[in-house]
$ cat start_1.txt   # compact mmCIF, C-alpha atoms
# COMPACT_ATOMS: atom_id res chain seq x y z
CA MET A 66 -54.70 22.84 -10.63
CA GLU A 67 -58.21 23.62 -9.39
CA ILE A 68 -58.82 26.38 -6.87
CA SER A 69 -60.91 25.25 -3.91
CA THR A 70 -64.59 26.18 -4.18
CA LYS A 71 -64.50 26.85 -0.44
CA ASP A 72 -61.71 29.40 -0.93
CA ILE A 73 -63.55 31.10 -3.78
CA ASP A 74 -66.82 31.30 -1.86
CA ALA A 75 -65.12 32.78 1.20
CA LEU A 76 -63.24 35.30 -0.95
CA ARG A 77 -66.42 36.23 -2.83
CA VAL A 78 -68.21 37.10 0.40
CA LEU A 79 -65.41 39.49 1.30
CA VAL A 80 -64.90 41.03 -2.15
CA ALA A 81 -68.54 41.36 -3.21
CA GLY A 82 -69.77 42.92 0.02
CA GLU A 83 -70.22 46.54 1.02
CA PRO A 84 -67.31 48.92 0.24
CA GLN A 85 -64.53 48.52 2.79
CA ARG A 86 -61.12 49.96 3.58
CA MET A 87 -58.60 47.44 2.29
CA VAL A 88 -54.82 47.11 2.26
CA VAL A 89 -52.86 45.00 -0.22
CA VAL A 90 -49.32 44.34 1.01
CA SER A 91 -46.38 42.38 -0.35
CA HIS A 92 -42.96 41.40 0.93
CA THR A 93 -39.67 43.20 1.58
CA ASN A 94 -37.46 43.60 -1.50
CA PRO A 95 -40.49 43.21 -3.77
CA ASP A 96 -39.85 41.46 -7.08
CA GLY A 97 -41.83 41.36 -10.31
CA ASP A 98 -44.36 38.86 -8.99
CA ALA A 99 -44.91 40.77 -5.76
CA VAL A 100 -45.41 44.10 -7.53
CA GLY A 101 -47.41 42.75 -10.47
CA SER A 102 -49.80 40.59 -8.45
CA SER A 103 -50.33 43.29 -5.80
CA LEU A 104 -51.10 46.04 -8.31
CA ALA A 105 -53.51 43.84 -10.27
CA TRP A 106 -55.34 42.59 -7.18
CA ALA A 107 -55.59 46.12 -5.76
CA GLU A 108 -57.09 47.36 -9.03
CA TYR A 109 -59.59 44.49 -9.04
CA LEU A 110 -60.71 45.39 -5.51
CA ARG A 111 -61.08 49.07 -6.45
CA ARG A 112 -63.38 48.10 -9.31
CA LYS A 113 -65.50 46.27 -6.77
CA GLY A 114 -65.97 49.59 -4.98
CA HIS A 115 -63.43 49.25 -2.17
CA HIS A 116 -60.97 51.87 -0.98
CA VAL A 117 -57.56 50.24 -1.42
CA VAL A 118 -54.04 51.16 -0.35
CA CYS A 119 -51.26 49.07 -1.91
CA VAL A 120 -48.13 48.74 0.27
CA VAL A 121 -44.57 47.43 -0.01
CA PRO A 122 -42.08 47.61 2.88
CA ASN A 123 -39.20 49.09 0.84
CA ARG A 124 -38.33 50.18 -2.67
CA PHE A 125 -38.91 47.99 -5.69
CA PRO A 126 -36.22 47.49 -8.37
CA SER A 127 -35.71 50.25 -10.93
CA PHE A 128 -36.52 47.87 -13.81
CA LEU A 129 -40.14 47.84 -12.57
CA GLU A 130 -40.55 51.62 -12.46
CA TRP A 131 -42.20 51.67 -15.91
CA MET A 132 -45.11 49.45 -14.81
CA PRO A 133 -48.60 50.95 -15.02
CA GLN A 134 -49.90 52.26 -11.66
CA VAL A 135 -46.61 51.50 -9.91
CA GLU A 136 -46.63 55.09 -8.64
CA SER A 137 -49.65 54.15 -6.50
CA LEU A 138 -47.51 51.84 -4.31
CA LYS A 139 -46.96 53.21 -0.84
CA ILE A 140 -43.43 52.42 0.30
CA TYR A 141 -43.40 52.02 4.08
CA LYS A 142 -39.88 53.37 4.50
CA LEU A 143 -40.91 56.54 2.65
CA HIS A 144 -44.56 56.88 3.75
CA ALA A 145 -44.57 55.35 7.24
CA ASP A 146 -47.36 57.51 8.70
CA GLU A 147 -49.65 56.98 5.73
CA VAL A 148 -49.06 53.24 5.67
CA GLU A 149 -49.55 52.93 9.43
CA HIS A 150 -52.86 54.77 9.24
CA ALA A 151 -54.07 52.61 6.34
CA VAL A 152 -53.11 49.31 8.02
CA VAL A 153 -54.54 50.22 11.43
CA GLN A 154 -57.82 51.41 9.91
CA ALA A 155 -58.21 48.57 7.39
CA ASP A 156 -61.24 46.30 7.40
CA ALA A 157 -59.41 43.70 5.31
CA ILE A 158 -55.72 43.10 4.66
CA PHE A 159 -54.55 41.02 1.69
CA CYS A 160 -51.07 39.58 2.08
CA ILE A 161 -49.66 38.86 -1.37
CA ASP A 162 -46.74 36.62 -2.40
CA PHE A 163 -45.27 35.74 1.00
CA ASN A 164 -46.07 33.16 3.66
CA GLN A 165 -45.20 34.80 7.00
CA LEU A 166 -45.55 38.29 8.45
CA GLU A 167 -41.86 38.35 9.35
CA ARG A 168 -41.15 39.05 5.67
CA LEU A 169 -42.73 42.49 6.06
CA GLU A 170 -40.27 43.96 8.58
CA GLY A 171 -41.98 46.98 10.21
CA VAL A 172 -45.30 46.44 8.45
CA GLY A 173 -45.78 43.02 10.06
CA PRO A 174 -46.32 44.32 13.63
CA LEU A 175 -48.82 46.88 12.30
CA ILE A 176 -50.88 44.09 10.78
CA GLU A 177 -50.74 42.11 14.02
CA GLN A 178 -52.01 45.15 15.94
CA ASN A 179 -55.15 45.33 13.81
CA ARG A 180 -57.13 42.47 15.34
CA ARG A 181 -60.36 43.63 13.71
CA ALA A 182 -59.34 43.27 10.08
CA THR A 183 -59.91 40.11 8.06
CA LYS A 184 -56.46 38.89 7.06
CA VAL A 185 -56.20 37.02 3.76
CA LEU A 186 -53.14 35.27 2.35
CA ILE A 187 -52.82 34.88 -1.43
CA ASP A 188 -49.56 33.05 -2.08
CA HIS A 189 -47.75 30.09 -3.66
CA HIS A 190 -44.88 29.46 -1.23
CA LEU A 191 -44.51 26.37 0.94
CA ASP A 192 -45.43 26.19 4.64
CA PRO A 193 -47.49 29.36 5.30
CA THR A 194 -47.90 30.32 8.94
CA PRO A 195 -51.46 29.86 10.30
CA VAL A 196 -52.05 33.49 11.28
CA PHE A 197 -54.53 34.34 8.53
CA ASP A 198 -58.33 34.26 8.61
CA LEU A 199 -58.45 33.04 5.00
CA LEU A 200 -55.46 31.15 3.67
CA ILE A 201 -55.38 30.84 -0.12
CA SER A 202 -52.07 29.05 -0.63
CA TYR A 203 -51.24 26.95 -3.70
CA PRO A 204 -47.54 25.99 -3.93
CA PRO A 205 -48.01 24.00 -7.17
CA ILE A 206 -48.87 27.27 -8.97
CA SER A 207 -45.99 28.98 -10.78
CA SER A 208 -46.53 32.52 -9.48
CA THR A 209 -48.82 34.58 -7.30
CA ALA A 210 -49.72 36.64 -10.37
CA TYR A 211 -51.08 33.51 -12.06
CA LEU A 212 -52.97 32.66 -8.85
CA VAL A 213 -54.51 36.16 -8.87
CA TYR A 214 -55.51 35.62 -12.51
CA ARG A 215 -57.20 32.35 -11.57
CA LEU A 216 -58.97 33.95 -8.60
CA ILE A 217 -60.37 36.79 -10.69
CA GLU A 218 -61.50 34.29 -13.32
CA ALA A 219 -63.20 32.14 -10.69
CA LEU A 220 -64.86 35.06 -8.88
CA ASP A 221 -66.26 36.64 -12.06
CA GLY A 222 -66.76 33.53 -14.18
CA SER A 223 -64.32 34.87 -16.78
CA ALA A 224 -61.25 37.06 -17.22
CA GLN A 225 -63.33 39.91 -18.65
CA ALA A 226 -62.51 42.18 -15.68
CA ILE A 227 -58.84 42.10 -16.63
CA ASP A 228 -57.99 45.02 -18.91
CA ARG A 229 -54.67 45.79 -20.61
CA THR A 230 -53.22 47.51 -17.53
CA MET A 231 -53.97 44.55 -15.26
CA ALA A 232 -52.81 42.17 -17.99
CA GLU A 233 -49.40 43.88 -18.10
CA GLN A 234 -49.11 43.72 -14.33
CA LEU A 235 -50.02 40.03 -14.22
CA TYR A 236 -47.76 39.14 -17.14
CA VAL A 237 -44.76 40.76 -15.43
CA GLY A 238 -45.44 38.65 -12.35
CA ILE A 239 -45.85 35.43 -14.30
CA MET A 240 -42.86 36.08 -16.55
CA THR A 241 -40.41 36.97 -13.80
CA ASP A 242 -41.40 34.24 -11.34
CA THR A 243 -41.13 31.54 -14.01
CA GLY A 244 -37.72 32.80 -15.16
CA ASN A 245 -39.25 33.86 -18.48
CA PHE A 246 -41.04 30.49 -18.68
CA SER A 247 -38.05 28.30 -17.88
CA TYR A 248 -38.89 26.97 -14.38
CA SER A 249 -41.35 24.33 -13.17
CA PHE A 250 -45.17 24.33 -13.06
CA LEU A 251 -45.41 25.41 -16.71
CA THR A 252 -48.84 23.93 -17.29
CA PRO A 253 -51.11 24.17 -20.36
CA ASP A 254 -53.53 26.25 -18.27
CA LEU A 255 -50.75 28.75 -17.54
CA PHE A 256 -50.11 29.29 -21.24
CA ARG A 257 -53.84 29.56 -21.90
CA ALA A 258 -53.94 32.34 -19.30
CA VAL A 259 -50.98 34.05 -20.97
CA ALA A 260 -52.84 33.85 -24.28
CA VAL A 261 -55.76 35.68 -22.68
CA LEU A 262 -53.38 38.38 -21.41
CA VAL A 263 -51.93 38.74 -24.91
CA GLU A 264 -55.46 39.15 -26.26
CA LYS A 265 -55.84 42.13 -23.91
CA GLY A 266 -53.21 43.91 -26.05
CA ILE A 267 -50.00 43.60 -24.03
CA ASP A 268 -46.71 44.09 -25.88
CA ILE A 269 -44.49 41.19 -24.83
CA PRO A 270 -41.29 42.37 -26.56
CA HIS A 271 -41.67 45.75 -24.86
CA ILE A 272 -42.24 44.14 -21.44
CA ASN A 273 -39.22 41.87 -21.90
CA ARG A 274 -37.08 44.83 -22.89
CA MET A 275 -38.14 46.93 -19.90
CA VAL A 276 -37.63 44.12 -17.37
CA TYR A 277 -34.55 42.36 -18.73
CA HIS A 278 -32.75 44.98 -20.81
CA SER A 279 -32.97 48.29 -18.97
CA PHE A 280 -30.16 48.05 -16.42
CA THR A 281 -27.31 50.43 -15.70
CA SER A 282 -23.73 49.83 -16.85
CA ASP A 283 -22.79 49.46 -13.16
CA ARG A 284 -25.15 46.51 -12.86
CA LEU A 285 -23.54 44.77 -15.82
CA ARG A 286 -20.08 45.33 -14.34
CA LEU A 287 -21.31 43.99 -10.99
CA LEU A 288 -22.55 40.86 -12.75
CA GLY A 289 -19.17 40.38 -14.43
CA HIS A 290 -17.40 40.85 -11.12
CA ALA A 291 -19.72 38.38 -9.38
CA LEU A 292 -19.30 35.69 -12.02
CA ASN A 293 -15.53 36.12 -11.98
CA LYS A 294 -15.62 35.31 -8.24
CA MET A 295 -17.79 32.20 -8.65
CA GLN A 296 -16.44 29.05 -7.03
CA ILE A 297 -17.49 25.40 -7.39
CA VAL A 298 -17.16 22.36 -5.15
CA GLU A 299 -17.96 18.75 -6.02
CA VAL A 300 -19.31 16.12 -3.60
CA ASN A 301 -20.10 12.57 -4.74
CA GLY A 302 -20.58 13.71 -8.30
CA TYR A 303 -22.82 16.67 -7.37
CA ARG A 304 -21.45 20.10 -8.19
CA ALA A 305 -22.44 23.20 -6.21
CA ALA A 306 -21.46 26.80 -6.98
CA TRP A 307 -21.50 29.97 -4.92
CA ILE A 308 -20.99 33.69 -5.35
CA THR A 309 -20.42 36.28 -2.63
CA LEU A 310 -20.91 40.04 -2.69
CA SER A 311 -19.79 42.18 0.23
CA GLU A 312 -21.17 45.57 1.20
CA ALA A 313 -17.93 47.15 -0.03
CA GLU A 314 -18.30 45.49 -3.42
CA LEU A 315 -21.91 46.62 -3.70
CA ARG A 316 -20.88 50.21 -2.97
CA ARG A 317 -18.05 49.95 -5.51
CA PHE A 318 -20.57 49.21 -8.24
CA ASN A 319 -23.20 51.72 -7.04
CA PHE A 320 -25.63 48.95 -6.14
CA GLN A 321 -29.35 49.66 -6.44
CA ILE A 322 -32.21 47.46 -5.20
CA GLY A 323 -32.79 44.74 -7.77
CA ASP A 324 -29.33 44.88 -9.35
CA SER A 325 -28.46 41.36 -8.16
CA GLU A 326 -31.76 39.92 -9.36
CA GLY A 327 -31.09 36.74 -11.33
CA PHE A 328 -27.36 36.52 -10.55
CA VAL A 329 -27.87 33.21 -8.74
CA ASN A 330 -29.30 31.64 -11.91
CA TYR A 331 -26.18 32.06 -14.04
CA PRO A 332 -24.11 29.20 -12.56
CA LEU A 333 -26.92 26.76 -13.41
CA SER A 334 -26.01 27.22 -17.07
CA ILE A 335 -22.90 25.13 -16.29
CA ARG A 336 -23.39 21.56 -17.44
CA GLY A 337 -23.95 19.18 -14.55
CA LEU A 338 -24.27 21.82 -11.82
CA ALA A 339 -26.79 20.75 -9.15
CA LEU A 340 -26.99 23.77 -6.82
CA SER A 341 -26.19 27.47 -7.07
CA ALA A 342 -26.01 29.99 -4.24
CA ILE A 343 -25.36 33.69 -3.83
CA PHE A 344 -24.57 35.36 -0.50
CA ILE A 345 -25.03 39.12 -0.29
CA GLU A 346 -23.85 41.06 2.73
CA THR A 347 -26.23 43.58 4.30
CA ARG A 348 -25.94 45.57 7.50
CA ALA A 349 -28.13 43.16 9.44
CA PHE A 350 -27.32 39.73 7.97
CA ILE A 351 -26.15 37.77 4.93
CA ARG A 352 -28.98 37.31 2.43
CA ALA A 353 -28.82 33.90 0.76
CA SER A 354 -30.50 32.71 -2.44
CA PHE A 355 -30.43 29.18 -3.81
CA ARG A 356 -31.33 27.67 -7.19
CA SER A 357 -31.25 24.01 -8.15
CA ARG A 358 -31.92 21.62 -10.99
CA GLU A 359 -35.21 19.75 -11.23
CA ASP A 360 -34.45 16.79 -8.95
CA ILE A 361 -32.58 18.76 -6.25
CA ASP A 362 -34.81 20.36 -3.60
CA ALA A 363 -33.38 23.80 -2.77
CA SER A 364 -36.19 24.48 -0.30
CA ILE A 365 -35.07 21.57 1.90
CA PHE A 366 -31.47 22.81 1.72
CA ALA A 367 -32.46 26.39 2.60
CA ARG A 368 -34.70 25.31 5.46
CA ARG A 369 -32.21 22.83 6.92
CA TYR A 370 -29.09 25.00 6.84
CA PHE A 371 -30.10 28.66 6.44
CA ASP A 372 -33.38 29.07 8.31
CA GLY A 373 -35.15 29.69 5.02
CA GLY A 374 -37.40 28.03 2.50
CA GLY A 375 -39.33 28.71 -0.67
CA HIS A 376 -39.82 26.57 -3.75
CA LYS A 377 -38.24 23.29 -4.75
CA ASN A 378 -35.86 24.90 -7.27
CA ALA A 379 -35.78 28.49 -5.96
CA SER A 380 -35.37 29.29 -2.27
CA GLY A 381 -33.74 31.72 0.11
CA GLY A 382 -32.49 32.12 3.65
CA LYS A 383 -30.30 34.15 6.00
CA SER A 384 -27.00 33.87 7.80
CA PHE A 385 -26.03 35.90 10.85
CA THR A 386 -22.32 35.08 10.73
CA SER A 387 -19.65 36.80 8.64
CA LEU A 388 -19.47 36.35 4.88
CA ALA A 389 -16.43 34.08 5.22
CA GLU A 390 -18.09 31.95 7.89
CA THR A 391 -21.25 31.76 5.82
CA VAL A 392 -19.29 30.34 2.89
CA GLU A 393 -17.63 27.77 5.14
CA ASN A 394 -21.01 26.77 6.53
CA TYR A 395 -22.36 26.46 2.98
CA LYS A 396 -19.49 24.19 1.95
CA LYS A 397 -20.06 22.00 5.00
CA ALA A 398 -23.81 21.94 4.26
CA VAL A 399 -23.17 20.91 0.66
CA GLY A 400 -20.91 18.13 1.88
CA GLU A 401 -23.60 16.85 4.23
CA PHE A 402 -26.51 17.36 1.82
CA PHE A 403 -24.86 15.47 -1.04
CA GLY A 404 -22.74 13.19 1.11
$ encode --input "start_1.txt" --output "structure tokens"
Amino acid sequence: MEISTKDIDALRVLVAGEPQRMVVVSHTNPDGDAVGSSLAWAEYLRRKGHHVVCVVPNRFPSFLEWMPQVESLKIYKLHADEVEHAVVQADAIFCIDFNQLERLEGVGPLIEQNRRATKVLIDHHLDPTPVFDLLISYPPISSTAYLVYRLIEALDGSAQAIDRTMAEQLYVGIMTDTGNFSYSFLTPDLFRAVAVLVEKGIDIPHINRMVYHSFTSDRLRLLGHALNKMQIVEVNGYRAAWITLSEAELRRFNFQIGDSEGFVNYPLSIRGLALSAIFIETRAFIRASFRSREDIDASIFARRYFDGGGHKNASGGKSFTSLAETVENYKKAVGEFFG
């Protein structure tokens, strides 16, 4: 997919200008794509001479702690004063890997208060809100990290600016948001980009090991417990699965941020399953994640029944009822959706 020349020209004016104070911010519960794309884009801006603060609303998963420069991330819940000062004083704010400010919790209102800053969205999710001065949104791209790669390539005429550190950051984002290259939008150009990242000297087996094989024993036991609870319903030949995890269960297995990452994907390994869901209880609401097979649109399901959205085969939403009521609502939704 080609990036709009208009988008590139507008971004070039901002990036290539006089040094400015810039903030790069990604979404709550940041995943591999959010962290990888944010770190790489922040580093690119620094090399252009800008003063950059990279922000996430809350902690990132422990399996990303090894990533180069991850210590530079300012976590709002831990560094509120510093983040507030950076956002309020920023000349430009880059919003990475999300499509609405509501996904930033307390950081969102800070961005809205700064009416002077140029606000730029760099994202690949559906239906971005029109609150940005420059909206670089490409849903047919597999990950925001790959979009950042393409932007750097377009701005500089090549990927020469990407060194090994940035290559590792971008590869983590691409790898995790494509399910280790098993989801949609796996284009020849994506693999050509990955080849360039490999040429920068990244160690793919090491990255895979650190991201996918560095969990705690509690996390593995939580996964076993979750899969043992899985339930399936069938409607008109379509099978849908769901898993629930309560706050008490999370405490029982010493839950850490990121421990449930990927749990929702496991039921899709069942032959003939159309839709998978996981519902995780938090203090404020039930967090819902949905995954589907190629021809089933999980984003429509999430938007219609759980005030959510996302990608065709990977979406999320929320429920403000109890865990039991949420499951009942899901079963009714499945019946209607496939009925």
$ atom_distance --input "start_1.txt" --atom1 "CA of Phe250 (chain A)" --atom2 "CA of Ser279 (chain A)"
27.5 Å
$ atom_distance --input "start_1.txt" --atom1 "CA of Asn123 (chain A)" --atom2 "CA of Ala363 (chain A)"
26.2 Å
$ closest_atom_pairs --input "start_1.txt" --of "region 101-121 of chain A" --to "region 87-96 of chain A" --cutoff "9 Å" --atoms "all atoms listed in the file" --output "CSV"
residue,atom,partner,partner_atom,distance
A:Gly101,CA,A:Asp96,CA,8.4
A:Ser102,CA,A:Ser91,CA,9.0
A:Ser103,CA,A:Val89,CA,6.4
A:Leu104,CA,A:Val89,CA,8.3
A:Trp106,CA,A:Val89,CA,7.8
A:Ala107,CA,A:Val89,CA,6.3
A:Leu110,CA,A:Met87,CA,8.3
A:His115,CA,A:Met87,CA,6.8
A:His116,CA,A:Met87,CA,6.0
A:Val117,CA,A:Met87,CA,4.8
A:Val118,CA,A:Val88,CA,4.9
A:Cys119,CA,A:Val89,CA,4.7
A:Val120,CA,A:Val90,CA,4.6
A:Val121,CA,A:Ser91,CA,5.4
$ residues_near_point --input "start_1.txt" --point "(-67.6, 45.9, 2.5)" --cutoff "12 Å" --atoms "only C-alpha atoms" --output "ChimeraX atom specification"
/A:76-87,110-111,113-117,155-157,182-183
$ closest_residue --input "start_1.txt" --among "A:Val276, A:Ala75, A:Leu191, A:Val300" --to "Gly375 (chain A)" --atoms "only C-alpha atoms"
A:Leu191
$ residues_around --input "start_1.txt" --residues "Thr194 (chain A)" --least-positions-apart "5" --cutoff "10 Å" --atoms "all atoms listed in the file" --output "JSON, numbers by chain"
{"A": [163, 164, 165, 166, 186, 200]}
$ closest_residue --input "start_1.txt" --among "A:His190, A:Arg368, A:Lys294, A:Arg112" --to "Asp228 (chain A)" --atoms "only C-alpha atoms"
A:Arg112
$ residues_around --input "start_1.txt" --residues "Gly289 (chain A)" --least-positions-apart "4" --cutoff "12 Å" --atoms "only C-alpha atoms" --output "mmCIF file with C-alpha atoms, in the coordinates of the input"
data_model
loop_
_atom_site.group_PDB
_atom_site.id
_atom_site.type_symbol
_atom_site.label_atom_id
_atom_site.label_comp_id
_atom_site.auth_asym_id
_atom_site.auth_seq_id
_atom_site.Cartn_x
_atom_site.Cartn_y
_atom_site.Cartn_z
ATOM 1 C CA SER A 282 -23.730 49.830 -16.850
ATOM 2 C CA ASP A 283 -22.790 49.460 -13.160
ATOM 3 C CA ARG A 284 -25.150 46.510 -12.860
ATOM 4 C CA LEU A 285 -23.540 44.770 -15.820
ATOM 5 C CA ASN A 293 -15.530 36.120 -11.980
ATOM 6 C CA LYS A 294 -15.620 35.310 -8.240
ATOM 7 C CA MET A 295 -17.790 32.200 -8.650
ATOM 8 C CA ILE A 308 -20.990 33.690 -5.350
ATOM 9 C CA LEU A 310 -20.910 40.040 -2.690
ATOM 10 C CA PHE A 318 -20.570 49.210 -8.240
ATOM 11 C CA SER A 325 -28.460 41.360 -8.160
ATOM 12 C CA PHE A 328 -27.360 36.520 -10.550
ATOM 13 C CA TYR A 331 -26.180 32.060 -14.040
#
$ closest_residue --input "start_1.txt" --among "A:Ile68, A:Ala306, A:Val100, A:Ile176" --to "Tyr236 (chain A)" --atoms "only C-alpha atoms"
A:Val100
$ residues_around --input "start_1.txt" --residues "region 336-349 of chain A" --least-positions-apart "2" --cutoff "7 Å" --atoms "all atoms listed in the file" --output "list of chain:residue names"
A:Tyr303, A:Arg304, A:Ala305, A:Ala306, A:Trp307, A:Ile308, A:Thr309, A:Leu310, A:Ser311, A:Glu312, A:Val329, A:Pro332, A:Leu333, A:Ser334, A:Ile351, A:Arg352, A:Ala353, A:Ser354, A:Phe355, A:Arg356, A:Ser357, A:Arg358, A:Ile361, A:Leu388
$ atom_distance --input "start_1.txt" --atom1 "CA of Thr209 (chain A)" --atom2 "CA of Met132 (chain A)"
17.1 Å
$ closest_residue --input "start_1.txt" --among "A:Ile161, A:Ile272, A:Pro204, A:Val399" --to "Lys184 (chain A)" --atoms "all atoms listed in the file"
A:Ile161
$ residues_around --input "start_1.txt" --residues "Ala260 (chain A)" --least-positions-apart "4" --cutoff "12 Å" --atoms "only C-alpha atoms" --output "PyMOL selection string"
chain A and resi 224+232+236+253-256+264-267+269
$ build_atoms --input "start_1.txt" --residues "region 278-292 of chain A" --atoms "N, CA and C atoms" --output "tab-separated table (two decimals), in the frame of the given file"
chain	number	residue	atom	x	y	z
A	278	HIS	N	-33.78	44.27	-20.03
A	278	HIS	CA	-32.75	44.98	-20.81
A	278	HIS	C	-32.81	46.49	-20.56
A	279	SER	N	-32.94	46.85	-19.30
A	279	SER	CA	-32.97	48.29	-18.97
A	279	SER	C	-32.14	48.59	-17.72
A	280	PHE	N	-31.02	47.88	-17.60
A	280	PHE	CA	-30.16	48.05	-16.42
A	280	PHE	C	-29.11	49.13	-16.67
A	281	THR	N	-28.41	49.48	-15.60
A	281	THR	CA	-27.31	50.43	-15.70
A	281	THR	C	-26.02	49.69	-16.08
A	282	SER	N	-25.03	50.44	-16.54
A	282	SER	CA	-23.73	49.83	-16.85
A	282	SER	C	-23.07	49.29	-15.58
A	283	ASP	N	-23.33	49.94	-14.43
A	283	ASP	CA	-22.79	49.46	-13.16
A	283	ASP	C	-23.31	48.07	-12.84
A	284	ARG	N	-24.57	47.82	-13.13
A	284	ARG	CA	-25.15	46.51	-12.86
A	284	ARG	C	-24.48	45.44	-13.71
A	285	LEU	N	-24.20	45.75	-14.95
A	285	LEU	CA	-23.54	44.77	-15.82
A	285	LEU	C	-22.12	44.49	-15.32
A	286	ARG	N	-21.43	45.52	-14.88
A	286	ARG	CA	-20.08	45.33	-14.34
A	286	ARG	C	-20.12	44.54	-13.04
A	287	LEU	N	-21.14	44.77	-12.22
A	287	LEU	CA	-21.31	43.99	-10.99
A	287	LEU	C	-21.52	42.52	-11.32
A	288	LEU	N	-22.32	42.24	-12.33
A	288	LEU	CA	-22.55	40.86	-12.75
A	288	LEU	C	-21.23	40.21	-13.18
A	289	GLY	N	-20.45	40.92	-14.00
A	289	GLY	CA	-19.17	40.38	-14.43
A	289	GLY	C	-18.25	40.10	-13.27
A	290	HIS	N	-18.23	41.02	-12.30
A	290	HIS	CA	-17.40	40.85	-11.12
A	290	HIS	C	-17.87	39.64	-10.31
A	291	ALA	N	-19.18	39.49	-10.16
A	291	ALA	CA	-19.72	38.38	-9.38
A	291	ALA	C	-19.40	37.04	-10.03
A	292	LEU	N	-19.56	36.95	-11.34
A	292	LEU	CA	-19.30	35.69	-12.02
A	292	LEU	C	-17.81	35.35	-12.01
